[in-house]
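What follows is a short report on a single structure.
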Amino acid sequence: MKEMLKTLQDRRDRAVLGGGQARIDAQHTRGKLTARERIDLLLDHGSFEEFDMFVQHRSTDFGMDKGEKIPGDGVVTGWGTVNGRTVFVYAKDFTVFGGSLSETHAQKIMKIQDMALKNRAPIIGLFDAGGARIQEGVAALGGYAEVFQRNVMASGVIPQISVIMGPCAGGDVYSPAMTDFIFMVRDTSYMFVTGPDVVKTVTNETVTAEELGGASVHTTKSSVADRAYDNDLEALLQMRRLIDFLPSSNRDDVPEWPSFDDAERLDKSLDTLIPDNPNKPYDIRELILKVADEGDFFEIQGAHAANIVTGFGRIEGRSVGFVANQPLVLAGVLDSDASRKAARFVRFCDAFNIPIVTFVDVPGFLPGTAQEYGGLIKHGAKLLFAYAEATVPKVTVITRKAFGGAYDVMASKHLRGDFNYAWPTAQIAVMGAKGAVEIIFRADIKDAEKIAVRTKEYEDRFLSPFAAAERGYIDEVIMPHATRKRLARALAMLRHKDVENPWKKHDNIPL
Ligand code: HXC
């Protein structure tokens, strides 16, 4: 028995070494942790249970049958807990064939994906890998497709999170692209379908890995990634924080954590958040931070389309998704990027039973050829579609402007908003006073006095919440300082909301 235990321990020790000490050291020198070190930081201490530690590849081409076969085959898989809640995890081991995916490596991931789906728990992939194992050819490609298929089957059923922690290419970017969130580590992680060398050969462009697919590119320009962190440690600790906001599956309620923040808390400073001058910006994040429990807000895509803010917070210890126009950036206008960003977030919340709180201060959709040529009609429609199909509790507060189509889109009463509140500073109209008067009183445009009178008339009639409140489109005009209390009460009332859309195979959201 002693001998057997020793053999097992020796085999385990060998597997833990992955591609060997020299490659582990190289990983550390690059500022990266190893797959197992990452898992240890992600999960509750000592909770990791590993699967398939001894799996080996079966390839014989290109000398793959020579030399030692490394147990584990470039990916560490298993499950554990984050603050006591089960999560499944797989981490690419860059020290073994650059973390590339072989047939057996794929089978390990597939097993974890199947387990996660069957047991309805989130799955987190830690990526640091060079795509398909080149020596295995179509066996590796087939393996990827099996992983992709499972990504799609799990989409909307369990949360899927990808963290990019090294250079990732090929299938190691497509699988993350089908998950709910992608996070990157600054300076050490890259994502591209084809790397700089292939780019040079095909298009003759000279580009560095950072310029092609670094964290700054993907969190700002491409919006492929949701957020970036300075190092592995920070990224992993933030993933623990994110998991705490998410339900384990689409059949579970949001997690409920103890909150020490009074749900009835009033905040007098909100009464002066809106500047006297309606064209002056203010930071809508201030409102989010002041209404969320303990000011805790996990922002998604903060560096992209900053004219809309999206992210998770809690009220009375339960997760909510915040969507808010940001007057600080482009006056909070809705453009294609902002619409796509918010639509995806709204759909995530709806899929996972997370109530949506929407703060509205929007002057409309952004006019211009750049937007129209870029498909604003379709992108704007995504957000409209997402809000309209969402059946989770929807609570909306119009803080200032709600103009034109953007009024409709931003979780209005007409899109089945459950609670539609407005602050006394709200202005709900087809457009601002100047534009409106210039159109409907065009004949008097040269008569400054008349125009001034008409403008005042328009402002009095429409640039307030009352025209909408008179029709019941606004349920109540609320005091800004009481916003948290009103939200808490609304969300508590809506806890058992039960609305179903008509049966369909799936909808046809404009893509
Ligand atoms: C086999 C690979 C590999 C791969 C890397 N390695 N990628 N082995 N298959 N795909 C091995 C290297 O040979 C090397 O082995 C070790 O991993 C580390 O790689 P380096 O190149 O030294 O590291 P680095 O300079 O950091 O570059 C990392 C990299 C680069 C950017 C990922 O290795 C690279 O470009 N790899 C190829 C990427 C690629 O084109 N993959 C196929 C994509 S197609 P040693 O023994 O020297 O340590 C694909 C199909 C699916 O994925 C598409 C689905 C839609």
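In the structure tokens, the first chain shown is A, the next is B, and so on; residue numbers restart at 1 for each chain, and ligands run from 1 in the order shown.
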
Who sits within 10 Å of Glu316 of chain A, only C-alpha atoms, same chain under 2 positions skipped, as number ranges by chain: A: 256-264, 292-293, 314, 318-320, 484-485, 487-489, 491-492

With C-alpha atoms retained, could you export that selection as an mmCIF file, in the first residue's frame?
data_model
loop_
_atom_site.group_PDB
_atom_site.id
_atom_site.type_symbol
_atom_site.label_atom_id
_atom_site.label_comp_id
_atom_site.auth_asym_id
_atom_site.auth_seq_id
_atom_site.Cartn_x
_atom_site.Cartn_y
_atom_site.Cartn_z
ATOM 1 C CA GLU A 256 -28.513 37.263 -1.406
ATOM 2 C CA TRP A 257 -25.704 38.568 0.788
ATOM 3 C CA PRO A 258 -26.006 40.279 4.156
ATOM 4 C CA SER A 259 -26.170 44.044 3.694
ATOM 5 C CA PHE A 260 -25.325 46.586 6.342
ATOM 6 C CA ASP A 261 -26.683 49.448 4.271
ATOM 7 C CA ASP A 262 -30.137 50.694 5.282
ATOM 8 C CA ALA A 263 -32.595 50.174 2.416
ATOM 9 C CA GLU A 264 -34.489 53.291 3.555
ATOM 10 C CA ALA A 292 -26.248 50.763 -4.459
ATOM 11 C CA ASP A 293 -25.584 48.879 -1.221
ATOM 12 C CA ARG A 314 -26.965 45.289 -5.016
ATOM 13 C CA ARG A 318 -29.653 41.259 -3.919
ATOM 14 C CA SER A 319 -28.038 41.822 -7.304
ATOM 15 C CA VAL A 320 -29.406 44.331 -9.782
ATOM 16 C CA ARG A 484 -32.709 54.243 -3.027
ATOM 17 C CA LYS A 485 -35.695 53.748 -0.776
ATOM 18 C CA LEU A 487 -35.967 51.364 -5.692
ATOM 19 C CA ALA A 488 -35.688 49.016 -2.724
ATOM 20 C CA ARG A 489 -39.439 48.999 -2.212
ATOM 21 C CA LEU A 491 -37.676 45.651 -6.190
ATOM 22 C CA ALA A 492 -39.008 43.983 -3.041
#

Restrict the calculation to only C-alpha atoms and all ligand atoms, then for each residue of chain A with any atom at most 8 Å from an atom of ligand 1 give the closest atom pair and their distance in Å to one decimal, rows by chain and rising residue number, as a tab-separated table.
residue	atom	partner	partner_atom_place_in_ligand_line	distance
A:Arg23	CA	ligand 1	48 (O)	7.2
A:Phe94	CA	ligand 1	17 (O)	6.8
A:Thr95	CA	ligand 1	48 (O)	6.9
A:Val96	CA	ligand 1	17 (O)	6.7
A:Phe97	CA	ligand 1	17 (O)	4.0
A:Gly98	CA	ligand 1	17 (O)	3.1
A:Gly99	CA	ligand 1	17 (O)	6.8
A:Ser100	CA	ligand 1	4 (C)	4.9
A:Leu101	CA	ligand 1	10 (N)	7.3
A:Asp128	CA	ligand 1	32 (C)	8.0
A:Ala129	CA	ligand 1	32 (C)	5.7
A:Gly130	CA	ligand 1	32 (C)	3.6
A:Gly131	CA	ligand 1	52 (O)	3.6
A:Ala132	CA	ligand 1	52 (O)	3.9
A:Arg133	CA	ligand 1	9 (N)	3.5
A:Ile134	CA	ligand 1	9 (N)	4.1
A:Gln135	CA	ligand 1	1 (C)	6.2
A:Ala140	CA	ligand 1	50 (C)	7.5
A:Leu141	CA	ligand 1	51 (C)	5.5
A:Tyr144	CA	ligand 1	51 (C)	6.2
A:Ala145	CA	ligand 1	54 (C)	7.1
A:Gly166	CA	ligand 1	26 (O)	7.9
A:Pro167	CA	ligand 1	32 (C)	5.1
A:Cys168	CA	ligand 1	32 (C)	5.6
A:Ala169	CA	ligand 1	38 (C)	5.4
A:Gly170	CA	ligand 1	52 (O)	3.3
A:Gly171	CA	ligand 1	51 (C)	3.8
A:Asp172	CA	ligand 1	52 (O)	6.4
A:Tyr174	CA	ligand 1	55 (C)	5.8
A:Val193	CA	ligand 1	43 (C)	7.1
A:Thr194	CA	ligand 1	40 (O)	6.1
A:Gly195	CA	ligand 1	35 (O)	5.7
A:Asp197	CA	ligand 1	35 (O)	7.7
A:Val198	CA	ligand 1	40 (O)	8.0

Within 8 Å of Phe322 of chain A using only C-alpha atoms, minus same-chain residues under 6 positions, as a list in words: Ile288, Val309, Thr310, Gly311, Phe312, Gly313, Ile356, Val357, Thr358 and Phe359 of chain A

For C-alpha atoms, I'd like the residues from the last selection saved as an mmCIF file, in the first residue's frame.
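Output file selection21.cif follows:
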data_model
loop_
_atom_site.group_PDB
_atom_site.id
_atom_site.type_symbol
_atom_site.label_atom_id
_atom_site.label_comp_id
_atom_site.auth_asym_id
_atom_site.auth_seq_id
_atom_site.Cartn_x
_atom_site.Cartn_y
_atom_site.Cartn_z
ATOM 1 C CA ILE A 288 -25.442 54.561 -9.011
ATOM 2 C CA VAL A 309 -22.876 52.905 -17.978
ATOM 3 C CA THR A 310 -23.631 49.237 -17.296
ATOM 4 C CA GLY A 311 -22.789 47.030 -14.351
ATOM 5 C CA PHE A 312 -23.876 45.128 -11.289
ATOM 6 C CA GLY A 313 -24.708 46.404 -7.843
ATOM 7 C CA ILE A 356 -32.730 45.913 -14.222
ATOM 8 C CA VAL A 357 -32.580 49.445 -12.841
ATOM 9 C CA THR A 358 -32.387 52.055 -15.605
ATOM 10 C CA PHE A 359 -31.420 55.693 -15.078
#

Closest of A:Met110, A:Ala482, A:Ile158, A:Ala343 to Lys378 of chain A - atom-to-atom distances counting only C-alpha atoms: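 Smallest distance to Lys378 of chain A is found for A:Ala343.
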
For Ala426 of chain A, please output as a CSV table (one decimal) with N, CA and C atoms, in the first residue's frame all residues within 9 Å (counting only C-alpha atoms; exclusion window: fewer than 3 positions along the same chain).
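Wrote result-v9.csv, looks like this:
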chain,number,residue,atom,x,y,z
A,361,ASP,N,-31.1,59.7,-18.8
A,361,ASP,CA,-30.9,61.2,-19.1
A,361,ASP,C,-30.3,61.2,-20.5
A,398,ILE,N,-36.2,58.4,-14.6
A,398,ILE,CA,-35.8,59.5,-15.5
A,398,ILE,C,-35.3,60.6,-14.7
A,399,THR,N,-34.0,60.9,-14.8
A,399,THR,CA,-33.5,62.0,-13.9
A,399,THR,C,-33.6,63.4,-14.6
A,400,ARG,N,-33.4,63.3,-15.9
A,400,ARG,CA,-33.4,64.6,-16.7
A,400,ARG,C,-34.1,64.4,-18.0
A,401,LYS,N,-33.2,64.4,-19.1
A,401,LYS,CA,-33.8,64.3,-20.4
A,401,LYS,C,-34.3,62.9,-20.8
A,402,ALA,N,-35.4,62.8,-21.4
A,402,ALA,CA,-35.8,61.6,-22.1
A,402,ALA,C,-36.5,62.0,-23.3
A,422,ALA,N,-39.9,59.3,-12.2
A,422,ALA,CA,-39.2,60.5,-12.7
A,422,ALA,C,-38.8,61.4,-11.6
A,423,TRP,N,-37.7,62.0,-11.7
A,423,TRP,CA,-37.4,63.1,-10.7
A,423,TRP,C,-38.1,64.4,-11.2
A,463,LEU,N,-41.2,70.2,-20.9
A,463,LEU,CA,-39.9,69.9,-20.3
A,463,LEU,C,-40.1,69.7,-18.8
A,464,SER,N,-41.0,68.8,-18.5
A,464,SER,CA,-41.2,68.4,-17.1
A,464,SER,C,-41.7,67.0,-17.1
A,465,PRO,N,-41.8,66.3,-16.0
A,465,PRO,CA,-42.3,64.9,-16.0
A,465,PRO,C,-43.8,64.9,-16.0
A,466,PHE,N,-44.5,66.1,-15.9
A,466,PHE,CA,-45.9,66.0,-15.6
A,466,PHE,C,-46.8,65.6,-16.8
A,477,VAL,N,-43.7,60.9,-9.6
A,477,VAL,CA,-42.6,61.8,-9.6
A,477,VAL,C,-42.0,61.7,-8.2

Backbone DSSP call of helix (DSSP H, G or I) for segment 250-460 of chain A, listed as an MDAnalysis selection string: chainID A and resid 268:272 284:291 293:295 330:332 336:351 369:373 376:389 404:409 413:415 433:440 442:444 448:460

Those in segment 69-310 of chain A with strand (DSSP E) from DSSP, as a ChimeraX atom specification: /A:75-82,85-92,123-127,160-164,167-169,181-185,190-192,227-229,298-300,308-310

File dump, residues just selected, N, CA and C atoms, as a CSV table (one decimal), in the first residue's frame:
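Written out: out-v2.csv:
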chain,number,residue,atom,x,y,z
A,75,VAL,N,-4.0,21.5,-19.9
A,75,VAL,CA,-5.2,22.2,-19.3
A,75,VAL,C,-5.5,21.5,-17.9
A,76,VAL,N,-5.7,22.4,-16.9
A,76,VAL,CA,-6.1,21.9,-15.6
A,76,VAL,C,-7.6,22.1,-15.4
A,77,THR,N,-8.3,21.1,-15.1
A,77,THR,CA,-9.8,21.2,-15.0
A,77,THR,C,-10.3,20.7,-13.7
A,78,GLY,N,-11.5,21.2,-13.3
A,78,GLY,CA,-12.1,20.7,-12.0
A,78,GLY,C,-13.1,21.7,-11.5
A,79,TRP,N,-13.4,21.6,-10.3
A,79,TRP,CA,-14.4,22.4,-9.7
A,79,TRP,C,-14.0,22.8,-8.3
A,80,GLY,N,-14.7,23.8,-7.7
A,80,GLY,CA,-14.4,24.2,-6.4
A,80,GLY,C,-15.5,25.2,-6.0
A,81,THR,N,-15.2,26.1,-5.0
A,81,THR,CA,-16.2,27.1,-4.6
A,81,THR,C,-15.6,28.5,-4.6
A,82,VAL,N,-16.5,29.4,-4.8
A,82,VAL,CA,-16.2,30.9,-4.6
A,82,VAL,C,-17.1,31.4,-3.5
A,85,ARG,N,-19.9,28.9,-3.0
A,85,ARG,CA,-20.8,28.5,-4.1
A,85,ARG,C,-20.0,27.8,-5.2
A,86,THR,N,-20.6,26.7,-5.7
A,86,THR,CA,-19.9,25.9,-6.7
A,86,THR,C,-19.6,26.6,-8.0
A,87,VAL,N,-18.4,26.5,-8.5
A,87,VAL,CA,-18.1,26.9,-9.8
A,87,VAL,C,-17.2,25.8,-10.5
A,88,PHE,N,-17.3,25.7,-11.8
A,88,PHE,CA,-16.4,24.8,-12.5
A,88,PHE,C,-15.3,25.7,-13.2
A,89,VAL,N,-14.2,25.1,-13.3
A,89,VAL,CA,-13.1,25.9,-13.8
A,89,VAL,C,-12.1,25.1,-14.7
A,90,TYR,N,-11.6,25.7,-15.8
A,90,TYR,CA,-10.5,25.1,-16.5
A,90,TYR,C,-9.5,26.2,-16.8
A,91,ALA,N,-8.2,25.8,-16.7
A,91,ALA,CA,-7.1,26.8,-16.9
A,91,ALA,C,-6.1,26.2,-17.8
A,92,LYS,N,-5.9,26.9,-18.9
A,92,LYS,CA,-4.9,26.5,-19.9
A,92,LYS,C,-3.5,26.6,-19.3
A,123,ILE,N,-19.2,28.5,-15.1
A,123,ILE,CA,-18.0,27.9,-15.5
A,123,ILE,C,-17.0,29.0,-15.9
A,124,ILE,N,-15.8,28.9,-15.5
A,124,ILE,CA,-14.8,30.0,-15.7
A,124,ILE,C,-13.6,29.4,-16.4
A,125,GLY,N,-13.3,29.9,-17.6
A,125,GLY,CA,-12.1,29.5,-18.3
A,125,GLY,C,-11.0,30.5,-18.2
A,126,LEU,N,-9.8,30.0,-17.8
A,126,LEU,CA,-8.6,30.9,-17.7
A,126,LEU,C,-7.7,30.6,-18.9
A,127,PHE,N,-7.6,31.6,-19.8
A,127,PHE,CA,-7.0,31.3,-21.1
A,127,PHE,C,-5.5,31.8,-21.2
A,160,GLN,N,-21.1,31.9,-18.1
A,160,GLN,CA,-19.8,31.5,-18.6
A,160,GLN,C,-18.9,32.7,-18.6
A,161,ILE,N,-17.7,32.6,-18.0
A,161,ILE,CA,-16.8,33.7,-17.9
A,161,ILE,C,-15.4,33.3,-18.4
A,162,SER,N,-14.8,34.2,-19.2
A,162,SER,CA,-13.5,33.9,-19.8
A,162,SER,C,-12.5,34.9,-19.3
A,163,VAL,N,-11.3,34.5,-18.8
A,163,VAL,CA,-10.3,35.4,-18.4
A,163,VAL,C,-9.1,35.2,-19.3
A,164,ILE,N,-8.7,36.2,-20.0
A,164,ILE,CA,-7.6,36.0,-21.0
A,164,ILE,C,-6.3,36.5,-20.2
A,167,PRO,N,-1.0,35.2,-24.2
A,167,PRO,CA,-1.3,35.3,-25.7
A,167,PRO,C,-2.3,34.3,-26.1
A,168,CYS,N,-3.4,34.7,-26.7
A,168,CYS,CA,-4.5,33.7,-27.1
A,168,CYS,C,-4.8,33.9,-28.6
A,169,ALA,N,-4.8,32.8,-29.3
A,169,ALA,CA,-5.1,32.8,-30.7
A,169,ALA,C,-6.1,31.7,-31.1
A,181,PHE,N,-18.8,36.9,-20.5
A,181,PHE,CA,-17.9,38.0,-20.2
A,181,PHE,C,-16.5,37.6,-20.6
A,182,ILE,N,-15.7,38.6,-21.0
A,182,ILE,CA,-14.3,38.3,-21.3
A,182,ILE,C,-13.5,39.4,-20.5
A,183,PHE,N,-12.6,39.0,-19.7
A,183,PHE,CA,-11.7,39.9,-19.0
A,183,PHE,C,-10.3,39.7,-19.4
A,184,MET,N,-9.5,40.7,-19.4
A,184,MET,CA,-8.1,40.5,-19.9
A,184,MET,C,-7.1,41.1,-18.8
A,185,VAL,N,-5.8,40.7,-18.9
A,185,VAL,CA,-4.8,41.2,-18.0
A,185,VAL,C,-3.9,42.1,-18.9
A,190,TYR,N,-3.2,38.9,-24.9
A,190,TYR,CA,-3.5,39.3,-26.3
A,190,TYR,C,-4.6,38.4,-26.8
A,191,MET,N,-5.4,38.9,-27.6
A,191,MET,CA,-6.4,38.1,-28.3
A,191,MET,C,-6.4,38.4,-29.8
A,192,PHE,N,-6.2,37.4,-30.6
A,192,PHE,CA,-6.4,37.6,-32.1
A,192,PHE,C,-6.7,36.3,-32.7
A,227,ARG,N,-13.5,44.2,-19.5
A,227,ARG,CA,-12.7,44.9,-18.6
A,227,ARG,C,-11.3,44.4,-18.5
A,228,ALA,N,-10.3,45.2,-18.1
A,228,ALA,CA,-8.9,44.7,-18.0
A,228,ALA,C,-8.4,45.0,-16.6
A,229,TYR,N,-7.5,44.2,-16.2
A,229,TYR,CA,-6.9,44.3,-14.9
A,229,TYR,C,-5.3,44.3,-15.0
A,298,PHE,N,-19.9,46.9,-9.8
A,298,PHE,CA,-19.0,46.2,-10.7
A,298,PHE,C,-19.3,46.6,-12.1
A,299,GLU,N,-18.5,47.5,-12.6
A,299,GLU,CA,-18.8,48.0,-14.0
A,299,GLU,C,-18.4,47.1,-15.1
A,300,ILE,N,-19.2,47.0,-16.1
A,300,ILE,CA,-19.0,46.2,-17.3
A,300,ILE,C,-18.7,47.1,-18.5
A,308,ILE,N,-22.8,55.3,-22.1
A,308,ILE,CA,-23.8,54.5,-21.3
A,308,ILE,C,-23.0,53.7,-20.2
A,309,VAL,N,-23.6,53.6,-19.0
A,309,VAL,CA,-22.9,52.9,-18.0
A,309,VAL,C,-23.7,51.6,-17.7
A,310,THR,N,-23.0,50.5,-17.6
A,310,THR,CA,-23.6,49.2,-17.3
A,310,THR,C,-22.8,48.5,-16.2

Between atom CA of Asn508 of chain A and atom CA of Val395 of chain A - distance in Å to one decimal: 25.2 Å

Shell around Ser216 of chain A at 9 Å using only C-alpha atoms, local window under 4 positions removed, as a list of chain:residue names: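 Those residues are A:Arg186, A:Asp187, A:Glu210, A:Glu211, A:Thr220, A:Lys221, A:Ala228, A:Ala303.
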
Neighbour list for Asn83 of chain A as a list in words, cut-off 9 Å, only C-alpha atoms, skip fewer than 3 positions in-chain: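 Neighbouring residues, sequence-local ones excluded: Leu43, Asp44, Thr86, Arg240, Ile243 and Asp244 of chain A.
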
Surrounding residues of segment 283-287 of chain A excluding itself and chain neighbours under 6 positions, 7 Å, only C-alpha atoms, as number ranges by chain: A: 324, 326-328

Between atom CA of Ala215 of chain A and atom CA of Ile39 of chain A - distance in Å to one decimal: 21.4 Å

Minimum-distance residue to Ala225 of chain A, chosen among A:Asp444, A:Gln238, A:Asn279, A:Gly302 (using only C-alpha atoms):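 For Ala225 of chain A, the nearest of the candidates is A:Gly302.
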
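Of the residues under consideration (A:Ile24, A:Ile445, A:Val333, A:Leu246), A:Leu246 shows the shortest atom-to-atom contact distance to Asp350 of chain A when counting only C-alpha atoms.
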
From A:Gly74, A:Pro424, A:Pro255, A:Gly472, residue lying nearest Ile274 of chain A [only C-alpha atoms]: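 Nearest candidate to Ile274 of chain A out of A:Gly74, A:Pro424, A:Pro255, A:Gly472: A:Pro424.
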